[in-house]
>>> print(open('entry37.txt').read())   # compact mmCIF, C-alpha atoms
# COMPACT_ATOMS: atom_id res chain seq x y z
CA MET A 1 100.75 -12.02 -154.85
CA HIS A 2 99.81 -14.52 -157.56
CA ILE A 3 97.71 -17.59 -156.96
CA ASP A 4 100.36 -19.78 -158.61
CA ASP A 5 102.59 -19.11 -155.59
CA TYR A 6 100.23 -21.09 -153.38
CA LEU A 7 98.29 -23.71 -155.35
CA ASN A 8 99.22 -26.52 -157.68
CA LEU A 9 97.52 -26.93 -161.05
CA VAL A 10 94.49 -28.92 -159.86
CA ARG A 11 93.54 -26.65 -157.01
CA ARG A 12 94.26 -23.54 -159.04
CA ASP A 13 91.80 -24.69 -161.71
CA TRP A 14 89.17 -25.33 -159.06
CA LEU A 15 89.39 -21.64 -158.19
CA THR A 16 89.95 -20.06 -161.61
CA ASN A 17 87.12 -22.05 -163.21
CA GLY A 18 84.72 -21.65 -160.30
CA PRO A 19 82.42 -18.91 -158.97
CA LEU A 20 85.04 -17.55 -156.55
CA ASN A 21 87.63 -16.67 -159.20
CA ASP A 22 86.96 -12.91 -159.20
CA HIS A 23 87.64 -12.62 -155.48
CA THR A 24 90.75 -14.78 -155.10
CA THR A 25 93.31 -11.99 -155.53
CA ALA A 26 91.57 -9.76 -152.97
CA TYR A 27 91.44 -12.71 -150.60
CA ILE A 28 95.18 -13.37 -150.90
CA ASP A 29 96.01 -9.66 -150.53
CA SER A 30 93.94 -9.45 -147.35
CA LEU A 31 95.71 -12.42 -145.78
CA CYS A 32 99.11 -11.00 -146.76
CA CYS A 33 98.26 -7.59 -145.26
CA GLN A 34 97.48 -9.28 -141.96
CA ARG A 35 100.85 -11.07 -142.19
CA TYR A 36 99.52 -14.60 -142.27
CA PRO A 37 102.38 -17.03 -142.98
CA LYS A 38 102.58 -18.52 -146.45
CA SER A 39 101.69 -21.97 -145.15
CA THR A 40 98.42 -20.67 -143.67
CA ILE A 41 97.52 -18.81 -146.88
CA ARG A 42 98.20 -21.98 -148.87
CA SER A 43 95.97 -23.98 -146.53
CA TYR A 44 93.14 -21.42 -146.65
CA LEU A 45 93.29 -21.23 -150.44
CA GLY A 46 93.15 -25.01 -150.63
CA CYS A 47 90.00 -24.97 -148.50
CA LEU A 48 88.55 -22.18 -150.64
CA ALA A 49 89.31 -24.15 -153.81
CA HIS A 50 87.52 -27.17 -152.36
CA PHE A 51 84.50 -25.00 -151.53
CA SER A 52 84.58 -23.48 -155.04
CA ARG A 53 84.55 -26.94 -156.64
CA TRP A 54 81.61 -27.97 -154.45
CA LEU A 55 79.67 -24.83 -155.48
CA GLU A 56 80.34 -25.63 -159.13
CA ILE A 57 79.25 -29.27 -158.81
CA GLU A 58 76.10 -28.25 -156.94
CA LYS A 59 75.52 -25.44 -159.49
CA ILE A 60 75.24 -22.83 -156.74
CA ASP A 61 75.81 -19.20 -157.68
CA LEU A 62 77.72 -16.93 -155.30
CA SER A 63 74.66 -14.72 -154.84
CA ARG A 64 72.75 -17.66 -153.32
CA LEU A 65 75.18 -18.20 -150.47
CA ASP A 66 73.69 -18.27 -146.98
CA SER A 67 74.50 -19.83 -143.63
CA SER A 68 72.62 -23.04 -144.43
CA LEU A 69 74.84 -23.69 -147.48
CA ILE A 70 77.98 -23.11 -145.43
CA LYS A 71 76.77 -25.54 -142.77
CA ARG A 72 75.84 -28.02 -145.48
CA PHE A 73 79.34 -27.90 -146.93
CA LEU A 74 81.05 -28.20 -143.54
CA ASN A 75 78.76 -30.77 -141.92
CA GLU A 76 77.58 -32.89 -144.84
CA HIS A 77 80.08 -32.66 -147.69
CA LEU A 78 83.40 -32.66 -145.82
CA PRO A 79 82.77 -35.83 -143.74
CA ASN A 80 81.71 -37.70 -146.90
CA CYS A 81 83.97 -35.97 -149.43
CA THR A 82 84.82 -37.95 -152.58
CA CYS A 83 86.59 -35.13 -154.42
CA PRO A 84 89.81 -36.25 -156.15
CA PRO A 85 92.97 -35.69 -154.12
CA PRO A 86 94.84 -33.64 -153.29
CA CYS A 87 92.29 -31.45 -151.53
CA TYR A 88 91.91 -29.81 -148.13
CA SER A 89 89.01 -31.25 -146.15
CA GLY A 90 89.71 -30.21 -142.54
CA LYS A 91 86.59 -28.74 -140.96
CA ALA A 92 88.37 -26.26 -138.68
CA SER A 93 90.58 -24.88 -141.46
CA SER A 94 87.67 -24.75 -143.92
CA SER A 95 85.49 -22.89 -141.43
CA ALA A 96 88.24 -20.34 -140.75
CA ALA A 97 88.99 -19.90 -144.46
CA LEU A 98 85.33 -19.30 -145.33
CA ARG A 99 84.79 -16.98 -142.39
CA HIS A 100 87.68 -14.83 -143.56
CA PHE A 101 86.45 -14.96 -147.17
CA PHE A 102 83.07 -13.50 -146.24
CA ARG A 103 84.77 -10.66 -144.38
CA VAL A 104 86.85 -9.78 -147.42
CA VAL A 105 84.55 -10.15 -150.42
CA PRO A 106 82.56 -6.96 -151.14
CA GLY A 107 78.83 -7.52 -151.12
CA VAL A 108 79.14 -10.92 -149.47
CA SER A 109 79.83 -10.87 -145.74
CA ALA A 110 79.05 -12.98 -142.77
CA ALA A 111 76.49 -10.38 -141.74
CA THR A 112 74.53 -10.87 -144.97
CA LEU A 113 74.19 -14.59 -144.43
CA VAL A 114 70.67 -15.42 -143.33
CA PRO A 115 70.80 -16.00 -139.54
CA ASP A 116 68.80 -18.77 -137.97
CA PRO A 117 65.92 -17.93 -135.59
CA ILE A 118 67.99 -18.67 -132.50
CA GLU A 119 70.62 -16.11 -133.52
CA ILE A 120 67.93 -13.51 -134.18
CA GLU A 121 66.65 -14.00 -130.62
CA ILE A 122 70.18 -13.93 -129.23
CA THR A 123 70.87 -10.64 -131.03
CA CYS A 124 67.79 -9.04 -129.46
CA PHE A 125 68.74 -10.33 -126.01
CA THR A 126 72.30 -9.03 -126.45
CA ASP A 127 70.98 -5.57 -127.34
CA TYR A 128 68.80 -5.64 -124.21
CA LEU A 129 71.76 -6.51 -121.98
CA THR A 130 73.90 -3.80 -123.56
CA THR A 131 71.49 -0.88 -123.89
CA THR A 132 68.98 -1.50 -121.10
CA CYS A 133 71.00 -3.31 -118.43
CA GLY A 134 74.37 -1.73 -119.23
CA ILE A 135 76.28 -4.74 -117.91
CA ALA A 136 79.96 -5.38 -118.56
CA PRO A 137 80.83 -7.07 -121.88
CA SER A 138 82.29 -10.12 -120.13
CA THR A 139 79.09 -10.63 -118.10
CA ARG A 140 76.97 -10.08 -121.19
CA ASP A 141 78.92 -12.65 -123.19
CA GLN A 142 78.61 -15.19 -120.39
CA ARG A 143 74.83 -14.78 -120.22
CA VAL A 144 74.47 -14.99 -123.98
CA LYS A 145 76.59 -18.15 -124.07
CA TYR A 146 74.34 -20.14 -121.72
CA VAL A 147 71.07 -18.72 -123.05
CA ARG A 148 72.09 -19.79 -126.56
CA LYS A 149 72.80 -23.32 -125.30
CA PHE A 150 69.40 -23.45 -123.62
CA LEU A 151 67.50 -22.18 -126.67
CA ILE A 152 69.26 -24.63 -128.98
CA HIS A 153 68.47 -27.45 -126.54
CA ALA A 154 64.80 -26.45 -126.30
CA PHE A 155 64.04 -25.39 -129.88
CA ASN A 156 66.87 -26.73 -132.05
CA THR A 157 66.60 -24.44 -135.11
CA ARG A 158 63.00 -23.25 -134.61
CA MET A 159 61.94 -19.77 -133.57
CA PRO A 160 61.83 -19.67 -129.74
CA VAL A 161 58.28 -19.57 -128.35
CA ILE A 162 58.36 -19.01 -124.59
CA SER A 163 54.80 -20.24 -124.06
CA GLU A 164 55.93 -23.70 -125.18
CA LEU A 165 58.51 -23.96 -122.41
CA GLY A 166 57.87 -25.73 -119.14
CA VAL A 167 59.65 -27.24 -116.17
CA SER A 168 60.38 -30.41 -118.15
CA GLN A 169 62.54 -28.48 -120.65
CA LEU A 170 64.48 -26.88 -117.81
CA ASP A 171 65.00 -30.22 -116.10
CA SER A 172 66.23 -31.91 -119.28
CA PHE A 173 68.62 -29.02 -119.98
CA PHE A 174 70.07 -29.16 -116.48
CA ALA A 175 70.36 -32.95 -116.66
CA GLU A 176 72.29 -32.75 -119.94
CA HIS A 177 74.56 -29.77 -119.27
CA CYS A 178 74.90 -29.33 -115.50
CA THR A 179 75.27 -32.83 -114.04
CA HIS A 180 79.02 -32.59 -113.49
CA MET A 181 79.17 -28.88 -112.64
CA GLN A 182 80.20 -27.38 -109.34
CA PRO A 183 77.43 -25.55 -107.44
CA ALA A 184 79.00 -22.18 -108.27
CA SER A 185 78.85 -22.89 -112.02
CA PHE A 186 75.29 -24.20 -111.72
CA ARG A 187 74.32 -21.00 -109.93
CA VAL A 188 75.79 -18.92 -112.77
CA ILE A 189 73.70 -20.78 -115.37
CA CYS A 190 70.53 -20.29 -113.35
CA GLY A 191 71.33 -16.59 -113.10
CA CYS A 192 71.81 -16.36 -116.88
CA LEU A 193 68.48 -18.06 -117.59
CA ARG A 194 66.74 -15.90 -114.97
CA SER A 195 68.04 -12.81 -116.76
CA TYR A 196 66.69 -14.09 -120.07
CA PHE A 197 63.26 -14.94 -118.65
CA ARG A 198 63.12 -11.47 -117.07
CA TYR A 199 63.78 -10.04 -120.53
CA ARG A 200 60.95 -12.13 -122.01
CA VAL A 201 58.59 -10.89 -119.26
CA LEU A 202 59.38 -7.33 -120.34
CA GLN A 203 58.46 -8.39 -123.88
CA GLY A 204 55.05 -9.57 -122.65
CA ASP A 205 55.71 -13.32 -122.53
CA PRO A 206 54.42 -15.54 -119.69
CA ALA A 207 57.82 -16.37 -118.20
CA MET A 208 57.24 -15.69 -114.49
CA SER A 209 56.57 -19.38 -113.81
CA LEU A 210 59.85 -20.29 -115.53
CA MET A 211 61.74 -17.84 -113.32
CA ALA A 212 60.12 -19.38 -110.25
CA ALA A 213 61.06 -22.88 -111.45
CA LEU A 214 64.78 -22.10 -111.55
CA PRO A 215 66.51 -23.63 -108.51
CA ARG A 216 68.19 -21.45 -105.91
CA ILE A 217 71.67 -22.86 -105.44
CA ALA A 218 73.18 -22.65 -101.96
CA ASP A 219 76.07 -20.20 -101.69
CA TRP A 220 78.90 -21.72 -99.68
CA ARG A 221 81.63 -19.35 -100.84
CA ARG A 222 82.55 -18.38 -97.28
CA SER A 223 82.86 -21.97 -96.08
CA THR A 224 86.50 -22.14 -97.20
CA LEU A 225 89.39 -19.73 -97.46
CA PRO A 226 90.08 -18.25 -100.91
CA LYS A 227 92.65 -20.22 -102.90
CA THR A 228 95.87 -18.26 -103.30
CA LEU A 229 99.51 -18.80 -104.18
CA SER A 230 102.06 -18.90 -101.40
CA ILE A 231 105.08 -16.60 -101.57
CA SER A 232 107.28 -19.39 -102.94
CA GLU A 233 104.63 -20.48 -105.46
CA LEU A 234 104.17 -16.90 -106.65
CA GLU A 235 107.92 -16.51 -107.09
CA SER A 236 108.08 -19.78 -109.03
CA PHE A 237 105.16 -18.64 -111.20
CA LEU A 238 106.78 -15.31 -112.09
CA ASN A 239 110.13 -16.99 -112.80
CA SER A 240 108.52 -19.42 -115.26
CA PHE A 241 108.29 -16.83 -118.07
CA ASP A 242 111.01 -16.81 -120.74
CA CYS A 243 111.92 -13.14 -120.95
CA ALA A 244 114.37 -13.84 -123.79
CA ASP A 245 111.34 -14.49 -126.03
CA PRO A 246 108.98 -11.69 -127.21
CA VAL A 247 105.88 -13.69 -126.26
CA GLY A 248 107.42 -14.45 -122.89
CA LEU A 249 108.06 -10.74 -122.33
CA ARG A 250 104.42 -9.97 -123.13
CA ASP A 251 103.08 -12.71 -120.89
CA TYR A 252 105.37 -11.67 -118.03
CA ALA A 253 104.20 -8.05 -118.30
CA ILE A 254 100.58 -9.24 -118.24
CA ALA A 255 101.30 -11.44 -115.22
CA ARG A 256 102.82 -8.48 -113.36
CA CYS A 257 99.66 -6.46 -114.06
CA LEU A 258 97.49 -9.27 -112.70
CA VAL A 259 99.69 -9.92 -109.66
CA ASP A 260 100.75 -6.37 -108.71
CA LEU A 261 97.56 -4.49 -109.59
CA GLY A 262 94.93 -7.20 -109.26
CA LEU A 263 93.61 -6.62 -112.78
CA ARG A 264 90.93 -8.89 -114.16
CA GLY A 265 91.86 -10.66 -117.38
CA HIS A 266 89.53 -8.60 -119.56
CA GLU A 267 90.80 -5.36 -118.00
CA ALA A 268 94.31 -6.18 -119.23
CA THR A 269 92.97 -6.50 -122.79
CA TYR A 270 91.62 -2.92 -122.63
CA LEU A 271 94.98 -1.36 -121.79
CA THR A 272 96.31 0.93 -124.52
CA LEU A 273 99.61 2.70 -125.04
CA LYS A 274 97.99 5.81 -123.53
CA SER A 275 96.90 3.93 -120.42
CA VAL A 276 100.40 4.24 -118.93
CA ASN A 277 101.36 7.68 -117.64
CA TRP A 278 105.10 7.29 -117.27
CA ARG A 279 105.64 10.79 -115.87
CA ASN A 280 103.12 10.41 -113.04
CA GLY A 281 103.57 6.68 -112.56
CA THR A 282 99.90 5.76 -112.98
CA LEU A 283 97.89 3.27 -115.01
CA THR A 284 94.39 4.08 -116.25
CA ILE A 285 92.02 1.11 -116.26
CA ARG A 286 89.07 1.06 -118.65
CA GLY A 287 86.57 -1.66 -119.45
CA THR A 288 85.89 -2.30 -115.76
CA LYS A 289 82.65 -3.79 -114.46
CA SER A 290 81.55 -0.33 -113.32
CA SER A 291 82.20 1.06 -116.84
CA ARG A 292 84.30 3.83 -115.30
CA ALA A 293 87.88 4.82 -116.00
CA GLN A 294 89.97 4.36 -112.86
CA GLN A 295 93.58 5.29 -112.11
CA LEU A 296 95.94 3.06 -110.16
CA PRO A 297 99.52 3.69 -109.02
CA LEU A 298 102.00 1.88 -111.24
CA PRO A 299 104.47 -0.21 -109.18
CA ALA A 300 108.09 -0.11 -110.30
CA THR A 301 108.22 -3.85 -111.06
CA THR A 302 105.11 -3.60 -113.24
CA GLY A 303 106.38 -0.53 -115.06
CA GLU A 304 109.75 -2.17 -115.72
CA ALA A 305 108.07 -5.28 -117.16
CA ILE A 306 105.85 -3.18 -119.45
CA ALA A 307 108.78 -1.01 -120.57
CA GLN A 308 110.92 -4.04 -121.35
CA TYR A 309 108.10 -5.53 -123.44
CA LEU A 310 107.58 -2.28 -125.36
CA HIS A 311 111.30 -1.91 -126.10
CA GLN A 312 112.24 -5.51 -126.84
CA GLY A 313 109.14 -7.63 -127.49
CA ARG A 314 106.16 -5.77 -128.96
CA PRO A 315 105.85 -6.44 -132.73
CA LYS A 316 105.15 -3.78 -135.35
CA THR A 317 101.41 -3.30 -135.61
CA THR A 318 98.81 -0.61 -136.28
CA SER A 319 97.02 -1.52 -133.04
CA ARG A 320 97.23 0.96 -130.16
CA MET A 321 96.51 -1.72 -127.57
CA LEU A 322 99.29 -2.27 -125.04
CA PHE A 323 99.33 -6.07 -125.33
CA VAL A 324 98.98 -7.37 -128.89
CA ARG A 325 99.00 -10.63 -130.80
CA HIS A 326 102.31 -12.13 -131.89
CA ARG A 327 100.82 -14.17 -134.72
CA ALA A 328 98.51 -13.36 -137.62
CA PRO A 329 96.23 -11.50 -137.72
CA PHE A 330 98.57 -9.09 -135.92
CA ASP A 331 96.32 -6.02 -135.85
CA LYS A 332 93.47 -7.72 -133.99
CA PRO A 333 93.26 -7.13 -130.22
CA LEU A 334 94.45 -9.75 -127.78
CA GLY A 335 91.52 -11.64 -126.28
CA VAL A 336 90.83 -12.91 -122.78
CA PRO A 337 91.23 -16.58 -123.86
CA ALA A 338 94.78 -15.81 -124.99
CA ILE A 339 95.63 -14.30 -121.60
CA ARG A 340 94.03 -17.21 -119.77
CA SER A 341 95.96 -19.67 -121.93
CA SER A 342 99.30 -17.92 -121.36
CA MET A 343 98.80 -17.92 -117.57
CA ASN A 344 97.79 -21.59 -117.62
CA ARG A 345 100.96 -22.46 -119.55
CA ALA A 346 102.93 -20.74 -116.80
CA PHE A 347 101.11 -22.81 -114.16
CA VAL A 348 102.09 -25.93 -116.12
CA ARG A 349 105.75 -24.89 -116.26
CA CYS A 350 105.93 -24.35 -112.49
CA LEU A 351 103.99 -27.58 -111.75
CA LEU A 352 100.92 -25.81 -110.30
CA ARG A 353 98.41 -26.65 -113.03
CA ASP A 354 96.70 -29.31 -110.91
CA ARG A 355 95.78 -26.66 -108.31
CA PHE A 356 95.24 -23.47 -110.29
CA CYS A 357 93.61 -23.06 -113.69
CA ASN A 358 92.43 -19.44 -113.98
CA THR A 359 93.75 -15.91 -113.79
CA HIS A 360 91.54 -14.87 -110.88
CA VAL A 361 93.79 -16.69 -108.41
CA LEU A 362 96.41 -14.00 -109.10
CA ARG A 363 93.92 -11.29 -108.14
CA ARG A 364 93.02 -13.16 -104.94
CA THR A 365 96.71 -13.63 -104.15
CA MET A 366 97.32 -9.90 -104.46
CA ALA A 367 94.40 -9.14 -102.12
CA THR A 368 95.50 -11.75 -99.59
CA ASN A 369 99.06 -10.40 -99.53
CA LEU A 370 97.70 -6.89 -98.94
CA GLN A 371 95.62 -8.15 -96.03
CA ARG A 372 98.57 -9.92 -94.45
CA SER A 373 100.72 -6.81 -94.80
CA GLY A 374 98.23 -4.80 -92.73
CA ALA A 375 95.93 -3.21 -95.34
CA SER A 376 92.35 -2.58 -94.28
CA VAL A 377 89.33 -4.09 -96.00
CA LYS A 378 88.47 -0.62 -97.33
CA GLU A 379 91.92 -0.27 -98.91
CA ILE A 380 91.65 -3.72 -100.49
CA ALA A 381 88.19 -2.91 -101.86
CA ASP A 382 89.52 0.32 -103.39
CA LEU A 383 92.50 -1.38 -105.05
CA LEU A 384 90.34 -4.24 -106.36
CA ARG A 385 87.73 -1.69 -107.50
CA HIS A 386 84.94 -3.36 -105.53
CA GLN A 387 81.94 -1.11 -104.97
CA SER A 388 80.84 -3.12 -101.91
CA LEU A 389 82.97 -3.77 -98.83
CA ASP A 390 81.19 -7.11 -98.39
CA THR A 391 82.89 -8.41 -101.54
CA ALA A 392 86.34 -7.65 -100.15
CA SER A 393 85.53 -8.72 -96.58
CA THR A 394 86.22 -12.35 -97.49
CA TYR A 395 89.95 -11.56 -97.33
CA ALA A 396 89.65 -10.65 -93.63
CA ARG A 397 89.38 -14.40 -92.97
CA VAL A 398 92.92 -15.12 -94.20
CA ASP A 399 94.70 -13.05 -91.52
CA LEU A 400 94.92 -15.82 -88.93
CA ASP A 401 97.16 -13.86 -86.53
CA ARG A 402 94.62 -11.05 -86.17
CA LEU A 403 91.77 -13.53 -85.89
CA ARG A 404 93.53 -15.31 -83.02
CA SER A 405 93.91 -12.02 -81.16
CA VAL A 406 90.14 -11.48 -81.01
CA THR A 407 88.93 -15.04 -80.43
CA LEU A 408 87.58 -16.09 -77.04
CA PRO A 409 89.13 -19.04 -75.22
CA TRP A 410 87.46 -22.42 -75.67
CA PRO A 411 85.03 -23.13 -72.80
CA GLY A 412 86.82 -24.90 -69.96
CA TYR A 413 90.28 -24.12 -71.34
CA GLN A 414 92.72 -22.28 -69.07
CA SER A 415 94.13 -19.38 -71.07
>>> encode(input="entry37.txt", output="structure tokens")
Amino acid sequence: MHIDDYLNLVRRDWLTNGPLNDHTTAYIDSLCCQRYPKSTIRSYLGCLAHFSRWLEIEKIDLSRLDSSLIKRFLNEHLPNCTCPPPCYSGKASSSAALRHFFRVVPGVSAATLVPDPIEIEITCFTDYLTTTCGIAPSTRDQRVKYVRKFLIHAFNTRMPVISELGVSQLDSFFAEHCTHMQPASFRVICGCLRSYFRYRVLQGDPAMSLMAALPRIADWRRSTLPKTLSISELESFLNSFDCADPVGLRDYAIARCLVDLGLRGHEATYLTLKSVNWRNGTLTIRGTKSSRAQQLPLPATTGEAIAQYLHQGRPKTTSRMLFVRHRAPFDKPLGVPAIRSSMNRAFVRCLLRDRFCNTHVLRRTMATNLQRSGASVKEIADLLRHQSLDTASTYARVDLDRLRSVTLPWPGYQS
């Protein structure tokens, strides 16, 4: 694919006369192989041409590129750009174009860019969570997310020094980031920071006082019944998917997995073509919190939805994942945010978005329906893959008929 197919004369010269000229063809070929639409390739090349012109004006050689230069271009040059039009100056598009460029160009990758001290610390903490703690990837990512926010708040771009931290830094962080949070979310953040301070204690840092300073948030999870969809709401939710559209077929199949099997969102992303055993009618779940492969019976409705998606909706791709992307880059796995977004769109279509905004409500609905149909707490725990019965015991509170049968009469009331 030739560069003339995408850029006009001015932008083409910015690339051909700049330091990125030798890598432009490889960049275009990579985008084409991933089936990016021509409009996206044109936009990315325009951003790359703008970056090339800036490098030439600043007299910066390609070998000198690092993360600070990228941030300088995105945060300082683009907002105050005076380059002659037409030129692409959108920050989001420029960031995506450059990120892809550093993955493509040999010898220059995002990994070779000099990381800042915060990211070095985050990398070490991530390795600790993965290799020492062995926690699930979703839990690890959540802890890393909030620890990164805290370190940036406390140290900005400096190397973190735990001995410099005190209660005042914790208080200011909570005041800035947690004021409008629900107690459950606040408790999660405290747990993430406690995990990080425990890691620093193992490294020999004086962080015990910081762990003690973290507040213990009251747990009122059992004060209310779990939020679930009623039978009519669940039917409306499942009917909101457009099964005449390939994306609708995919989203409906995912929804059936969440509703019928109680899968977590990230567990659906780990399903592969080999996960479904059509002969035995089972589904193998990997990527669970226990890091164990588990087999579940495949309900007929779920199997039919998956089969319909495979026959009529799944695009051609080299990926062996069961649920894949329907837009470039096609061969990348489908992420949890995409699943969450597709379920939220369904809630919007059936006018339930003001009450439900996450995929976990589908898992709770499945457990509640099992309880009401007579399943024991042990059976619910097994199907939800809970290792503790206490976790599943919360659903015993939704069976009001059984609860009424064991309650004592109110004092003074003639029963």
>>> atom_distance(input="entry37.txt", atom1="atom CA of A:Glu164", atom2="atom CA of A:Leu202")
17.4 Å
>>> residues_around(input="entry37.txt", residues="A:Arg187", least_positions_apart="5", cutoff="10 Å", atoms="all atoms listed in the file", output="list in words")
Met181, Gln182, Cys192, Leu214, Pro215, Arg216, Ile217, Ala218 and Asp219 of chain A
>>> residues_around(input="entry37.txt", residues="stretch 29-32 of chain A", least_positions_apart="2", cutoff="10 Å", atoms="all atoms listed in the file", output="PDB file with C-alpha atoms, in the coordinates of the input")
ATOM      1  CA  MET A   1     100.750 -12.020-154.850  1.00  0.00           C
ATOM      2  CA  HIS A   2      99.810 -14.520-157.560  1.00  0.00           C
ATOM      3  CA  THR A  24      90.750 -14.780-155.100  1.00  0.00           C
ATOM      4  CA  THR A  25      93.310 -11.990-155.530  1.00  0.00           C
ATOM      5  CA  ALA A  26      91.570  -9.760-152.970  1.00  0.00           C
ATOM      6  CA  TYR A  27      91.440 -12.710-150.600  1.00  0.00           C
ATOM      7  CA  GLN A  34      97.480  -9.280-141.960  1.00  0.00           C
ATOM      8  CA  ARG A  35     100.850 -11.070-142.190  1.00  0.00           C
ATOM      9  CA  TYR A  36      99.520 -14.600-142.270  1.00  0.00           C
ATOM     10  CA  PRO A  37     102.380 -17.030-142.980  1.00  0.00           C
ATOM     11  CA  LYS A  38     102.580 -18.520-146.450  1.00  0.00           C
ATOM     12  CA  THR A  40      98.420 -20.670-143.670  1.00  0.00           C
ATOM     13  CA  ILE A  41      97.520 -18.810-146.880  1.00  0.00           C
ATOM     14  CA  TYR A  44      93.140 -21.420-146.650  1.00  0.00           C
ATOM     15  CA  HIS A 100      87.680 -14.830-143.560  1.00  0.00           C
ATOM     16  CA  PHE A 101      86.450 -14.960-147.170  1.00  0.00           C
ATOM     17  CA  ARG A 103      84.770 -10.660-144.380  1.00  0.00           C
ATOM     18  CA  VAL A 104      86.850  -9.780-147.420  1.00  0.00           C
ATOM     19  CA  VAL A 105      84.550 -10.150-150.420  1.00  0.00           C
ATOM     20  CA  ALA A 328      98.510 -13.360-137.620  1.00  0.00           C
ATOM     21  CA  PRO A 329      96.230 -11.500-137.720  1.00  0.00           C
TER      22      PRO A 329
END
>>> closest_residue(input="entry37.txt", among="A:Gly191, A:Gly281, A:Gly46, A:Gly204", to="A:Ala97", atoms="all atoms listed in the file")
A:Gly46
>>> residues_around(input="entry37.txt", residues="A:Glu176", least_positions_apart="3", cutoff="12 Å", atoms="all atoms listed in the file", output="PyMOL selection string")
chain A and resi 149-150+153-154+169-173+179-181
>>> residues_near_point(input="entry37.txt", point="(65.5, -9.1, -127.4)", cutoff="10 Å", atoms="all atoms listed in the file", output="list in words")
Ile120, Glu121, Ile122, Thr123, Cys124, Phe125, Thr126, Asp127, Tyr128, Leu129, Tyr196, Tyr199, Arg200, Leu202 and Gln203 of chain A
>>> residues_around(input="entry37.txt", residues="stretch 339-342 of chain A", least_positions_apart="3", cutoff="7 Å", atoms="only C-alpha atoms", output="compact mmCIF listing (two decimals) with C-alpha atoms, in the coordinates of the input")
# COMPACT_ATOMS: atom_id res chain seq x y z
CA ASP A 251 103.08 -12.71 -120.89
CA GLY A 265 91.86 -10.66 -117.38
CA GLY A 335 91.52 -11.64 -126.28
CA VAL A 336 90.83 -12.91 -122.78
CA ARG A 345 100.96 -22.46 -119.55
CA ALA A 346 102.93 -20.74 -116.80
CA ASN A 358 92.43 -19.44 -113.98
CA THR A 359 93.75 -15.91 -113.79
>>> closest_residue(input="entry37.txt", among="A:Val161, A:Ile231, A:Leu370, A:Leu62", to="A:Leu261", atoms="all atoms listed in the file")
A:Leu370
>>> atom_distance(input="entry37.txt", atom1="atom CA of A:Met366", atom2="atom CA of A:Tyr252")
15.9 Å
>>> residues_around(input="entry37.txt", residues="A:Pro160", least_positions_apart="2", cutoff="10 Å", atoms="only C-alpha atoms", output="VMD selection string")
chain A and resid 117 to 118 120 to 121 151 to 152 154 to 158 162 to 165
>>> write_last_selection(input="entry37.txt", atoms="C-alpha atoms", output="compact mmCIF listing (two decimals), keeping the file's coordinate frame")
# COMPACT_ATOMS: atom_id res chain seq x y z
CA PRO A 117 65.92 -17.93 -135.59
CA ILE A 118 67.99 -18.67 -132.50
CA ILE A 120 67.93 -13.51 -134.18
CA GLU A 121 66.65 -14.00 -130.62
CA LEU A 151 67.50 -22.18 -126.67
CA ILE A 152 69.26 -24.63 -128.98
CA ALA A 154 64.80 -26.45 -126.30
CA PHE A 155 64.04 -25.39 -129.88
CA ASN A 156 66.87 -26.73 -132.05
CA THR A 157 66.60 -24.44 -135.11
CA ARG A 158 63.00 -23.25 -134.61
CA ILE A 162 58.36 -19.01 -124.59
CA SER A 163 54.80 -20.24 -124.06
CA GLU A 164 55.93 -23.70 -125.18
CA LEU A 165 58.51 -23.96 -122.41
>>> axis_aligned_box(input="entry37.txt", around="stretch 294-305 of chain A", padding_each_side="4 Å", output="JSON")
{"center_x": 99.9, "center_y": 0.0, "center_z": -113.1, "size_x": 27.8, "size_y": 18.6, "size_z": 16.1}
>>> atom_distance(input="entry37.txt", atom1="atom CA of A:Arg198", atom2="atom CA of A:Thr391")
25.3 Å
>>> closest_residue(input="entry37.txt", among="A:Ala49, A:Ala338, A:Met159, A:Leu352", to="A:Asp13", atoms="only C-alpha atoms")
A:Ala49
>>> decode(input="entry37.txt", residues="stretch 203-217 of chain A", atoms="C-alpha atoms", output="tab-separated table (two decimals), in the first residue's frame")
chain	number	residue	atom	x	y	z
A	203	GLN	CA	11.23	-5.11	51.07
A	204	GLY	CA	12.44	-3.77	54.43
A	205	ASP	CA	10.65	-0.40	54.41
A	206	PRO	CA	9.02	1.06	57.56
A	207	ALA	CA	5.43	0.79	56.35
A	208	MET	CA	3.71	-0.85	59.34
A	209	SER	CA	2.52	2.52	60.64
A	210	LEU	CA	1.01	3.30	57.23
A	211	MET	CA	-0.89	0.01	57.27
A	212	ALA	CA	-2.21	0.83	60.73
A	213	ALA	CA	-3.28	4.30	59.57
A	214	LEU	CA	-5.55	2.93	56.84
A	215	PRO	CA	-9.20	3.15	57.97
A	216	ARG	CA	-11.29	0.04	58.45
A	217	ILE	CA	-14.49	0.59	56.52
